[in-house]
file run_19.csv (CSV, C-alpha atoms)
chain,number,residue,atom,x,y,z
S,244,MET,CA,11.7,-11.9,-21.5
S,245,THR,CA,9.5,-9.5,-19.7
S,246,LYS,CA,10.6,-9.0,-16.1
S,247,PRO,CA,7.6,-9.9,-13.9
S,248,VAL,CA,8.0,-7.2,-11.3
S,249,PHE,CA,4.9,-8.4,-9.4
S,250,LEU,CA,6.8,-11.5,-8.3
S,251,ASP,CA,9.3,-9.3,-6.4
S,252,ASP,CA,6.7,-6.9,-4.9
S,253,ALA,CA,3.0,-7.7,-5.2
S,254,TYR,CA,2.1,-4.3,-3.6
S,255,LEU,CA,3.5,-2.1,-6.4
S,256,ARG,CA,0.5,-0.1,-7.7
S,257,ASP,CA,2.4,2.1,-10.2
S,258,GLY,CA,5.5,1.6,-12.3
S,259,GLU,CA,7.4,2.4,-15.5
S,260,ALA,CA,8.2,0.2,-18.5
S,261,LEU,CA,9.6,0.3,-22.0
S,262,VAL,CA,7.6,-0.9,-25.0
S,263,VAL,CA,9.6,-3.6,-26.8
S,264,GLY,CA,7.0,-4.9,-29.2
S,265,HIS,CA,3.4,-5.4,-30.3
S,266,THR,CA,1.3,-8.5,-30.8
S,267,PRO,CA,-0.6,-9.2,-34.0
S,268,GLU,CA,-3.8,-8.8,-31.9
S,269,GLY,CA,-2.9,-5.3,-30.7
S,270,GLY,CA,-1.3,-6.1,-27.4
S,271,VAL,CA,1.6,-4.0,-26.0
S,272,ILE,CA,4.7,-6.1,-25.0
S,273,LEU,CA,6.8,-4.6,-22.2
S,274,ASP,CA,10.3,-5.1,-20.9
S,275,GLN,CA,8.9,-5.3,-17.3
S,276,SER,CA,5.4,-5.4,-15.8
S,277,ILE,CA,3.7,-4.7,-12.5
S,278,PHE,CA,0.6,-6.3,-14.2
S,279,TYR,CA,0.1,-10.0,-13.4
S,280,ALA,CA,-0.5,-12.1,-16.5
S,281,THR,CA,-3.4,-14.5,-16.6
S,282,GLY,CA,-2.4,-17.9,-15.4
S,283,GLY,CA,-2.8,-20.5,-12.6
S,284,GLY,CA,-6.5,-19.7,-12.2
S,285,GLN,CA,-5.8,-16.0,-11.4
S,286,PRO,CA,-7.0,-13.4,-13.9
S,287,GLY,CA,-4.6,-10.8,-15.5
S,288,ASP,CA,-4.6,-7.4,-14.0
S,289,SER,CA,-6.4,-4.4,-15.4
S,290,GLY,CA,-5.5,-0.7,-15.0
S,291,MET,CA,-4.1,2.2,-17.1
S,292,MET,CA,-1.2,2.8,-19.4
S,293,MET,CA,0.0,6.4,-19.9
S,294,TRP,CA,2.5,8.2,-22.1
S,295,ASN,CA,2.9,11.7,-23.6
S,296,GLY,CA,-0.6,12.8,-22.5
S,297,ASN,CA,-2.2,9.5,-23.7
S,298,HIS,CA,-4.3,7.4,-21.3
S,299,LEU,CA,-5.3,3.9,-22.4
S,300,PRO,CA,-7.4,1.6,-20.2
S,301,ILE,CA,-5.9,-1.9,-19.9
S,302,ALA,CA,-8.4,-4.9,-19.8
S,303,THR,CA,-5.9,-7.6,-18.9
S,304,CYS,CA,-2.4,-8.9,-19.2
S,305,VAL,CA,-1.5,-12.1,-21.0
S,306,LYS,CA,1.6,-14.3,-21.7
S,307,VAL,CA,2.9,-14.3,-25.2
S,308,LYS,CA,5.2,-17.1,-26.4
S,309,GLY,CA,8.2,-15.7,-28.2
S,310,ARG,CA,10.9,-17.5,-30.2
S,311,GLU,CA,13.1,-17.9,-27.2
S,312,ASP,CA,11.1,-16.9,-24.1
S,313,THR,CA,7.8,-15.8,-22.7
S,314,GLN,CA,6.8,-12.1,-22.8
S,315,LEU,CA,3.9,-10.3,-21.2
S,316,ALA,CA,1.5,-8.1,-23.2
S,317,LEU,CA,-1.0,-5.6,-22.0
S,318,VAL,CA,-4.4,-6.0,-23.7
S,319,LEU,CA,-6.3,-2.8,-24.4
S,320,ALA,CA,-9.9,-2.4,-23.2
S,321,GLU,CA,-10.8,-1.1,-26.7
S,322,PRO,CA,-8.9,-0.6,-30.0
S,323,ALA,CA,-6.6,2.4,-30.0
S,324,GLN,CA,-3.3,3.8,-31.3
S,325,LEU,CA,-0.5,1.9,-29.6
S,326,PRO,CA,2.6,3.5,-28.1
S,327,PRO,CA,5.5,2.9,-30.5
S,328,VAL,CA,8.3,0.5,-29.7
S,329,GLY,CA,10.9,2.3,-27.6
S,330,THR,CA,8.3,4.4,-25.8
S,331,GLN,CA,8.6,4.8,-22.0
S,332,VAL,CA,5.1,4.3,-20.5
S,333,SER,CA,3.7,4.7,-17.0
S,334,LEU,CA,1.5,1.9,-15.6
S,335,SER,CA,-1.1,2.0,-12.9
S,336,LEU,CA,-3.0,-1.0,-11.5
S,337,ASP,CA,-6.7,-1.3,-10.7
S,338,TRP,CA,-5.5,-1.8,-7.1
S,339,GLU,CA,-8.8,-2.8,-5.5
S,340,ARG,CA,-9.3,-5.6,-8.1
S,341,ARG,CA,-5.7,-6.8,-7.7
S,342,HIS,CA,-5.8,-6.7,-3.9
S,343,SER,CA,-9.0,-8.8,-3.9
S,344,HIS,CA,-7.3,-11.4,-6.1
S,345,MET,CA,-4.4,-11.4,-3.7
S,346,ARG,CA,-6.7,-12.0,-0.7
S,347,VAL,CA,-8.7,-14.7,-2.4
S,348,HIS,CA,-5.6,-16.5,-3.8
S,349,THR,CA,-4.0,-16.6,-0.3
S,350,ALA,CA,-7.3,-17.8,1.2
S,351,LEU,CA,-7.4,-20.7,-1.3
S,352,HIS,CA,-4.0,-21.8,-0.3
S,353,LEU,CA,-5.3,-22.1,3.3
S,354,LEU,CA,-8.4,-23.8,2.0
S,355,SER,CA,-6.1,-26.5,0.6
S,356,VAL,CA,-4.7,-26.9,4.2
S,357,VAL,CA,-8.1,-27.4,6.0
S,358,ILE,CA,-9.2,-29.7,3.2
S,359,SER,CA,-6.2,-31.9,2.9
S,360,LEU,CA,-7.0,-33.6,-0.4
S,361,PRO,CA,-5.5,-33.4,-4.0
S,362,VAL,CA,-6.6,-30.3,-5.9
S,363,SER,CA,-7.8,-30.8,-9.4
S,364,GLY,CA,-8.5,-27.2,-10.4
S,365,GLY,CA,-9.2,-23.7,-9.2
S,366,SER,CA,-10.3,-20.2,-10.1
S,367,ILE,CA,-10.0,-16.7,-8.7
S,368,SER,CA,-12.2,-13.6,-9.2
S,369,VAL,CA,-13.0,-10.4,-7.3
S,370,GLY,CA,-14.2,-11.3,-3.9
S,371,LYS,CA,-14.5,-15.1,-4.5
S,372,GLY,CA,-12.8,-18.2,-5.7
S,373,ARG,CA,-13.1,-21.9,-5.8
S,374,LEU,CA,-11.0,-25.1,-5.6
S,375,ASP,CA,-11.9,-28.5,-7.1
S,376,PHE,CA,-10.9,-31.4,-4.9
S,377,ASP,CA,-10.5,-35.1,-5.4
S,378,MET,CA,-13.3,-35.6,-2.9
S,379,PRO,CA,-15.6,-38.6,-3.4
S,380,GLU,CA,-17.9,-37.6,-0.5
S,381,ALA,CA,-19.1,-34.1,0.5
S,382,PRO,CA,-17.7,-32.6,3.7
S,383,GLU,CA,-19.7,-33.7,6.8
S,384,ASP,CA,-19.4,-30.4,8.6
S,385,LYS,CA,-18.8,-27.3,6.3
S,386,ASP,CA,-19.3,-25.0,9.3
S,387,ALA,CA,-16.3,-26.6,11.1
S,388,LEU,CA,-14.2,-26.2,7.9
S,389,GLU,CA,-15.1,-22.6,7.7
S,390,ALA,CA,-14.2,-22.0,11.4
S,391,SER,CA,-10.9,-23.7,10.9
S,392,LEU,CA,-10.1,-21.6,7.9
S,393,ASN,CA,-10.9,-18.4,9.6
S,394,GLY,CA,-8.9,-19.5,12.6
S,395,LEU,CA,-5.8,-19.9,10.4
S,396,ILE,CA,-6.4,-16.5,8.9
S,397,GLU,CA,-6.7,-14.8,12.3
S,398,LEU,CA,-3.4,-16.3,13.5
S,399,ASP,CA,-1.7,-13.7,11.2
S,400,TYR,CA,0.9,-16.0,9.6
S,401,VAL,CA,3.6,-14.4,7.4
S,402,VAL,CA,3.3,-15.2,3.7
S,403,SER,CA,6.6,-15.3,1.9
S,404,GLU,CA,8.2,-16.5,-1.4
S,405,GLY,CA,11.3,-18.4,-2.2
S,406,TRP,CA,12.8,-20.4,-5.1
S,407,ILE,CA,14.0,-23.9,-5.6
S,408,SER,CA,15.6,-25.6,-8.6
S,409,GLU,CA,13.5,-27.7,-10.9
S,410,GLU,CA,15.6,-30.7,-9.9
S,411,GLU,CA,14.7,-30.1,-6.2
S,412,LEU,CA,11.0,-30.0,-7.1
S,413,ARG,CA,11.2,-33.2,-9.1
S,414,ALA,CA,12.8,-34.8,-6.0
S,415,ASN,CA,9.9,-33.5,-3.8
S,416,PRO,CA,6.7,-34.1,-5.9
S,417,THR,CA,4.4,-33.9,-2.9
S,418,LEU,CA,4.9,-30.1,-2.9
S,419,VAL,CA,2.6,-29.9,-5.9
S,420,LYS,CA,-1.0,-30.1,-4.7
S,421,THR,CA,-2.7,-29.4,-8.1
S,422,MET,CA,-3.2,-32.5,-10.2
S,423,SER,CA,-4.3,-30.7,-13.3
S,424,VAL,CA,-2.0,-27.7,-13.4
S,425,GLN,CA,1.8,-28.2,-13.0
S,426,PRO,CA,4.1,-25.3,-12.0
S,427,PRO,CA,5.9,-23.5,-14.9
S,428,MET,CA,9.0,-25.4,-15.8
S,429,GLY,CA,11.9,-24.6,-18.2
S,430,SER,CA,13.6,-21.6,-16.5
S,431,GLY,CA,15.6,-23.8,-14.2
S,432,ARG,CA,13.9,-22.7,-11.0
S,433,VAL,CA,10.4,-22.7,-9.4
S,434,ARG,CA,8.8,-20.2,-7.1
S,435,LEU,CA,7.4,-21.5,-3.8
S,436,VAL,CA,4.9,-19.6,-1.7
S,437,ARG,CA,5.2,-20.3,2.0
S,438,ILE,CA,2.6,-19.6,4.8
S,439,GLY,CA,4.1,-19.6,8.3
S,440,ASP,CA,7.8,-19.6,9.4
S,441,ASP,CA,10.4,-22.0,10.8
S,442,THR,CA,8.5,-22.3,14.0
S,443,ARG,CA,5.3,-23.4,12.4
S,444,GLN,CA,4.9,-23.8,8.6
S,445,ILE,CA,1.3,-24.1,7.5
S,446,ASP,CA,1.7,-24.4,3.8
S,447,LEU,CA,4.4,-24.6,1.1
S,448,GLN,CA,3.6,-25.1,-2.6
S,449,PRO,CA,4.8,-23.9,-6.0
S,450,CYS,CA,2.8,-20.9,-7.2
S,451,GLY,CA,3.4,-17.9,-9.5
S,452,GLY,CA,0.4,-15.8,-8.3
S,453,THR,CA,0.2,-12.7,-6.1
S,454,HIS,CA,-0.5,-13.0,-2.4
S,455,VAL,CA,-1.0,-10.8,0.7
S,456,ALA,CA,1.9,-10.4,3.1
S,457,ARG,CA,0.1,-11.8,6.2
S,458,THR,CA,-3.0,-14.0,6.5
S,459,SER,CA,-4.9,-11.5,8.6
S,460,GLU,CA,-5.0,-9.2,5.6
S,461,ILE,CA,-7.4,-11.7,4.0
S,462,GLY,CA,-10.2,-10.9,6.4
S,463,ARG,CA,-13.0,-13.2,7.3
S,464,VAL,CA,-14.2,-15.6,4.6
S,465,ARG,CA,-17.2,-17.9,4.2
S,466,LEU,CA,-17.6,-21.1,2.4
S,467,GLY,CA,-20.3,-21.3,-0.3
S,468,LYS,CA,-21.7,-24.1,-2.3
S,469,VAL,CA,-20.1,-27.5,-2.5
S,470,GLU,CA,-20.9,-28.9,-6.0
S,471,LYS,CA,-20.4,-32.4,-7.3
S,472,LYS,CA,-18.5,-32.2,-10.6
S,473,GLY,CA,-17.9,-35.8,-11.2
S,474,LYS,CA,-17.6,-39.2,-9.5
S,475,LEU,CA,-14.6,-38.1,-7.5
S,476,ASN,CA,-14.7,-34.4,-7.8
S,477,ARG,CA,-16.3,-31.7,-5.7
S,478,ARG,CA,-16.0,-27.9,-6.2
S,479,VAL,CA,-15.8,-25.8,-3.0
S,480,TYR,CA,-16.6,-22.1,-3.3
S,481,LEU,CA,-15.0,-19.4,-1.0
S,482,HIS,CA,-16.1,-15.8,-0.6
S,483,LEU,CA,-14.5,-12.8,1.1
S,484,ASP,CA,-17.0,-11.9,3.8
S,485,ASP,CA,-16.9,-8.1,3.5

call {"tool": "encode", "arguments": {"input": "run_19.csv", "output": "structure tokens"}}
result
Amino acid sequence: MTKPVFLDDAYLRDGEALVVGHTPEGGVILDQSIFYATGGGQPGDSGMMMWNGNHLPIATCVKVKGREDTQLALVLAEPAQLPPVGTQVSLSLDWERRHSHMRVHTALHLLSVVISLPVSGGSISVGKGRLDFDMPEAPEDKDALEASLNGLIELDYVVSEGWISEEELRANPTLVKTMSVQPPMGSGRVRLVRIGDDTRQIDLQPCGGTHVARTSEIGRVRLGKVEKKGKLNRRVYLHLDD
């Protein structure tokens, strides 16, 4: 299994890894990765892979199902000669893109706080994101929701991670806000992302994505369109306002 280093430290911009395999499509499988792999509505990271004077641009990172576990593979931006298995490579993230994803992802967690309804889907991109809510009627006052959201951001809550067992999660199903996407199961434990502390906890939910360390790092946001996507579903767009 590829060690997902980004779960331990989302702020690592550079790192080292060992090539342990190749995919039939030309991806490079690593023993560990600072690159986040596409999942949970968050895109995989892009950047650069270097070894022995070679520099290959990386378009994204994806999960690859192995016989016994899940590995992460870097996808090249264009076809090229791959580093052989056993090669030590250096990795460098497109940090501005990753950091934007971190800010948006954390802001979407807070959006699920100010709109306290079940979430049926979501997506993250550079500078913007959206959540789909089980929302029969459109919000009466979008400006008030935006003000509440920015108020939470400005309070500068700590964002932290922890782990619980799968059994504990099954015993506490209300932790899962997303109706359409369930947290990864099978490893025996599930990662929780917490906003706030013991004095005042704002949000706690299973999540495998990358986030900023404090809510103030998100900066101001604005709410965009609210689209009707079905009888009971509405899509709310969020934008970083900088």

call {"tool": "residues_around", "arguments": {"input": "run_19.csv", "residues": "Asp484 (chain S)", "least_positions_apart": "4", "cutoff": "7 Å", "atoms": "all atoms listed in the file", "output": "PyMOL selection string"}}
result
chain S and resi 463-465

call {"tool": "closest_residue", "arguments": {"input": "run_19.csv", "among": "S:Asp375, S:Asp440, S:Glu389, S:Glu321", "to": "Ser403 (chain S)", "atoms": "all atoms listed in the file"}}
result
S:Asp440

call {"tool": "closest_residue", "arguments": {"input": "run_19.csv", "among": "S:Arg256, S:Arg341, S:His482, S:His454", "to": "Arg437 (chain S)", "atoms": "only C-alpha atoms"}}
result
S:His454

call {"tool": "closest_residue", "arguments": {"input": "run_19.csv", "among": "S:Val263, S:Leu315, S:Ile461, S:Ile367", "to": "Gly283 (chain S)", "atoms": "only C-alpha atoms"}}
result
S:Ile367

call {"tool": "closest_residue", "arguments": {"input": "run_19.csv", "among": "S:Cys450, S:Leu374, S:Val248, S:Val362", "to": "Gly405 (chain S)", "atoms": "only C-alpha atoms"}}
result
S:Cys450

call {"tool": "residues_around", "arguments": {"input": "run_19.csv", "residues": "region 330-332 of chain S", "least_positions_apart": "3", "cutoff": "7 Å", "atoms": "only C-alpha atoms", "output": "JSON, numbers by chain"}}
result
{"S": [259, 260, 261, 262, 292, 293, 294, 326, 327]}

call {"tool": "closest_residue", "arguments": {"input": "run_19.csv", "among": "S:Tyr480, S:Trp406, S:Trp338, S:Tyr400", "to": "Arg443 (chain S)", "atoms": "only C-alpha atoms"}}
result
S:Tyr400

call {"tool": "closest_residue", "arguments": {"input": "run_19.csv", "among": "S:Gly452, S:Pro322, S:Gly282, S:Pro247", "to": "Gly269 (chain S)", "atoms": "all atoms listed in the file"}}
result
S:Pro322

call {"tool": "residues_around", "arguments": {"input": "run_19.csv", "residues": "Leu354 (chain S)", "least_positions_apart": "5", "cutoff": "12 Å", "atoms": "only C-alpha atoms", "output": "PyMOL selection string"}}
result
chain S and resi 347-349+359-362+365+372-376+385+388-396+420+445-446+464-466+478-482

call {"tool": "atom_distance", "arguments": {"input": "run_19.csv", "atom1": "CA of Val271 (chain S)", "atom2": "CA of Gln285 (chain S)"}}
result
20.3 Å

call {"tool": "residues_around", "arguments": {"input": "run_19.csv", "residues": "Gly290 (chain S)", "least_positions_apart": "2", "cutoff": "8 Å", "atoms": "all atoms listed in the file", "output": "PDB file with C-alpha atoms, in the coordinates of the input"}}
result
ATOM      1  CA  ASP S 288      -4.600  -7.400 -14.000  1.00  0.00           C
ATOM      2  CA  MET S 292      -1.200   2.800 -19.400  1.00  0.00           C
ATOM      3  CA  PRO S 300      -7.400   1.600 -20.200  1.00  0.00           C
ATOM      4  CA  ILE S 301      -5.900  -1.900 -19.900  1.00  0.00           C
ATOM      5  CA  ALA S 302      -8.400  -4.900 -19.800  1.00  0.00           C
ATOM      6  CA  THR S 303      -5.900  -7.600 -18.900  1.00  0.00           C
ATOM      7  CA  LEU S 334       1.500   1.900 -15.600  1.00  0.00           C
ATOM      8  CA  SER S 335      -1.100   2.000 -12.900  1.00  0.00           C
ATOM      9  CA  LEU S 336      -3.000  -1.000 -11.500  1.00  0.00           C
ATOM     10  CA  ASP S 337      -6.700  -1.300 -10.700  1.00  0.00           C
ATOM     11  CA  TRP S 338      -5.500  -1.800  -7.100  1.00  0.00           C
TER      12      TRP S 338
END

call {"tool": "atom_distance", "arguments": {"input": "run_19.csv", "atom1": "CA of Ala280 (chain S)", "atom2": "CA of Ala316 (chain S)"}}
result
8.1 Å

call {"tool": "atom_distance", "arguments": {"input": "run_19.csv", "atom1": "CA of Gly329 (chain S)", "atom2": "CA of Tyr279 (chain S)"}}
result
21.7 Å

call {"tool": "residues_around", "arguments": {"input": "run_19.csv", "residues": "Thr313 (chain S)", "least_positions_apart": "4", "cutoff": "9 Å", "atoms": "all atoms listed in the file", "output": "list in words"}}
result
Met244, Thr245, Lys306, Val307, Lys308 and Gly309 of chain S
